[in-house]
$ cat my_file.pdb   # PDB, C-alpha atoms, pLDDT in the B column
ATOM      1  CA  MET A 176     113.700 148.724 141.560  1.00 51.00           C
ATOM      2  CA  GLY A 177     111.457 146.765 143.922  1.00 63.00           C
ATOM      3  CA  SER A 178     109.420 144.406 141.752  1.00 79.00           C
ATOM      4  CA  LEU A 179     109.938 143.067 138.265  1.00 80.00           C
ATOM      5  CA  SER A 180     107.406 143.880 135.553  1.00 89.00           C
ATOM      6  CA  ILE A 181     105.897 141.379 133.146  1.00 90.00           C
ATOM      7  CA  TRP A 182     108.490 142.370 130.517  1.00 90.00           C
ATOM      8  CA  HIS A 183     111.358 141.422 132.815  1.00 92.00           C
ATOM      9  CA  TRP A 184     109.800 138.007 133.429  1.00 90.00           C
ATOM     10  CA  LEU A 185     109.280 137.447 129.690  1.00 92.00           C
ATOM     11  CA  ILE A 186     112.930 138.254 128.980  1.00 92.00           C
ATOM     12  CA  VAL A 187     114.032 135.858 131.742  1.00 91.00           C
ATOM     13  CA  LEU A 188     111.762 133.148 130.299  1.00 88.00           C
ATOM     14  CA  VAL A 189     113.194 133.597 126.800  1.00 90.00           C
ATOM     15  CA  VAL A 190     116.785 133.454 128.093  1.00 91.00           C
ATOM     16  CA  VAL A 191     116.049 130.282 130.107  1.00 88.00           C
ATOM     17  CA  ALA A 192     114.403 128.683 127.051  1.00 87.00           C
ATOM     18  CA  LEU A 193     117.426 129.553 124.907  1.00 89.00           C
ATOM     19  CA  VAL A 194     119.927 128.246 127.445  1.00 89.00           C
ATOM     20  CA  PHE A 195     118.210 124.956 128.340  1.00 86.00           C
ATOM     21  CA  GLY A 196     116.054 124.340 125.279  1.00 88.00           C
ATOM     22  CA  THR A 197     112.348 123.699 125.257  1.00 83.00           C
ATOM     23  CA  LYS A 198     112.696 119.895 125.211  1.00 86.00           C
ATOM     24  CA  LYS A 199     114.765 119.906 128.398  1.00 87.00           C
ATOM     25  CA  LEU A 200     112.298 122.283 130.088  1.00 85.00           C
ATOM     26  CA  ARG A 201     109.371 120.080 129.028  1.00 87.00           C
ATOM     27  CA  ASN A 202     111.076 117.025 130.542  1.00 90.00           C
ATOM     28  CA  VAL A 203     111.733 118.902 133.784  1.00 88.00           C
ATOM     29  CA  GLY A 204     108.062 119.951 133.893  1.00 88.00           C
ATOM     30  CA  GLU A 205     106.859 116.391 133.337  1.00 92.00           C
ATOM     31  CA  ASP A 206     109.191 115.072 136.046  1.00 92.00           C
ATOM     32  CA  LEU A 207     108.010 117.720 138.473  1.00 91.00           C
ATOM     33  CA  GLY A 208     104.356 116.940 137.713  1.00 92.00           C
ATOM     34  CA  THR A 209     104.930 113.224 138.231  1.00 93.00           C
ATOM     35  CA  ALA A 210     106.666 113.887 141.534  1.00 93.00           C
ATOM     36  CA  VAL A 211     103.793 116.062 142.772  1.00 92.00           C
ATOM     37  CA  LYS A 212     101.216 113.420 141.766  1.00 92.00           C
ATOM     38  CA  GLY A 213     103.213 110.734 143.581  1.00 90.00           C
ATOM     39  CA  PHE A 214     103.460 112.917 146.668  1.00 90.00           C
ATOM     40  CA  LYS A 215      99.699 113.551 146.705  1.00 89.00           C
ATOM     41  CA  LYS A 216      99.006 109.840 146.228  1.00 88.00           C
ATOM     42  CA  GLY A 217     101.339 109.017 149.108  1.00 87.00           C
ATOM     43  CA  LEU A 218      99.527 111.471 151.359  1.00 83.00           C
ATOM     44  CA  GLY A 219      96.175 109.993 150.389  1.00 82.00           C
ATOM     45  CA  ASP A 220      97.399 106.455 151.074  1.00 81.00           C
ATOM     46  CA  ALA A 221      98.749 107.480 154.467  1.00 77.00           C
ATOM     47  CA  GLU A 222      95.444 109.123 155.452  1.00 76.00           C
ATOM     48  CA  GLU A 223      93.469 106.103 154.243  1.00 76.00           C
ATOM     49  CA  GLU A 224      95.754 103.753 156.151  1.00 75.00           C
ATOM     50  CA  SER A 225      95.409 105.737 159.383  1.00 75.00           C
ATOM     51  CA  THR A 226      91.615 105.813 158.983  1.00 76.00           C
ATOM     52  CA  VAL A 227      91.502 102.034 158.517  1.00 73.00           C
ATOM     53  CA  THR A 228      93.757 101.566 161.546  1.00 77.00           C
ATOM     54  CA  LYS A 229      91.561 103.820 163.681  1.00 74.00           C
ATOM     55  CA  LYS A 230      88.420 101.947 162.597  1.00 74.00           C
ATOM     56  CA  ALA A 231      90.034  98.594 163.408  1.00 73.00           C
ATOM     57  CA  ALA A 232      91.095  99.879 166.821  1.00 71.00           C
ATOM     58  CA  ALA A 233      87.566 101.117 167.492  1.00 70.00           C
ATOM     59  CA  GLU A 234      86.110  97.735 166.519  1.00 70.00           C
ATOM     60  CA  GLU A 235      88.553  95.968 168.833  1.00 66.00           C
ATOM     61  CA  ALA A 236      87.608  98.323 171.654  1.00 63.00           C
ATOM     62  CA  LYS A 237      83.912  97.475 171.183  1.00 64.00           C
ATOM     63  CA  ALA A 238      84.542  93.735 171.388  1.00 59.00           C
ATOM     64  CA  VAL A 239      84.616  92.724 175.047  1.00 57.00           C
ATOM     65  CA  PRO A 240      84.822  89.065 176.061  1.00 60.00           C
ATOM     66  CA  VAL A 241      81.585  87.919 177.727  1.00 58.00           C
ATOM     67  CA  ASN A 242      83.370  86.481 180.753  1.00 59.00           C
ATOM     68  CA  GLN A 243      84.732  89.965 181.591  1.00 57.00           C
ATOM     69  CA  VAL A 244      81.315  91.651 181.642  1.00 55.00           C
ATOM     70  CA  SER A 245      79.244  91.739 184.785  1.00 56.00           C
ATOM     71  CA  ASP A 246      75.496  91.110 184.628  1.00 54.00           C
ATOM     72  CA  ALA A 247      74.637  94.781 185.137  1.00 51.00           C
ATOM     73  CA  GLU A 248      76.921  95.892 182.279  1.00 51.00           C
ATOM     74  CA  PHE A 249      75.602  93.119 180.026  1.00 51.00           C
ATOM     75  CA  THR A 250      71.998  94.153 180.633  1.00 56.00           C
ATOM     76  CA  GLU A 251      72.856  97.800 179.996  1.00 57.00           C
ATOM     77  CA  ILE A 252      74.625  96.996 176.723  1.00 57.00           C
ATOM     78  CA  LYS A 253      71.818  94.678 175.652  1.00 55.00           C
ATOM     79  CA  ASP A 254      69.248  97.442 176.344  1.00 56.00           C
ATOM     80  CA  LYS A 255      71.269  99.925 174.238  1.00 59.00           C
ATOM     81  CA  ASP A 256      71.239  97.576 171.255  1.00 58.00           C
ATOM     82  CA  LYS A 257      67.450  97.281 171.269  1.00 61.00           C
ATOM     83  CA  PRO A 258      65.675  99.808 169.063  1.00 62.00           C
ATOM     84  CA  SER A 259      63.275 101.998 170.974  1.00 59.00           C
ATOM     85  CA  ALA A 260      59.658 101.653 169.865  1.00 53.00           C
TER      86      ALA A 260
END
$ encode --input "my_file.pdb" --output "structure tokens"
Amino acid sequence: MGSLSIWHWLIVLVVVALVFGTKKLRNVGEDLGTAVKGFKKGLGDAEEESTVTKKAAAEEAKAVPVNQVSDAEFTEIKDKDKPSA
């Protein structure tokens, strides 16, 4: 009585197909697939947008006005930019 066998599921599938019709079930499947694709695309867009925002914030953090940098900090930053030979 615990689990249903494959035969039970096949009978349920046949009854559902008879009640709703295969065309209606196909339309429901297509709608569900479209909704899942849209959801995945939305998640991808949100991740891409947050990555772009983080990169822009990092670029803004790197840019420091020259008049706010002391000579010691400027020399240190300038030395970091030089490639070591």
$ atom_distance --input "my_file.pdb" --atom1 "atom CA of Lys198 of chain A" --atom2 "atom CA of Ile186 of chain A"
18.7 Å
$ atom_distance --input "my_file.pdb" --atom1 "atom CA of Asn202 of chain A" --atom2 "atom CA of Leu185 of chain A"
20.5 Å
$ atom_distance --input "my_file.pdb" --atom1 "atom CA of Gly196 of chain A" --atom2 "atom CA of Trp184 of chain A"
17.1 Å
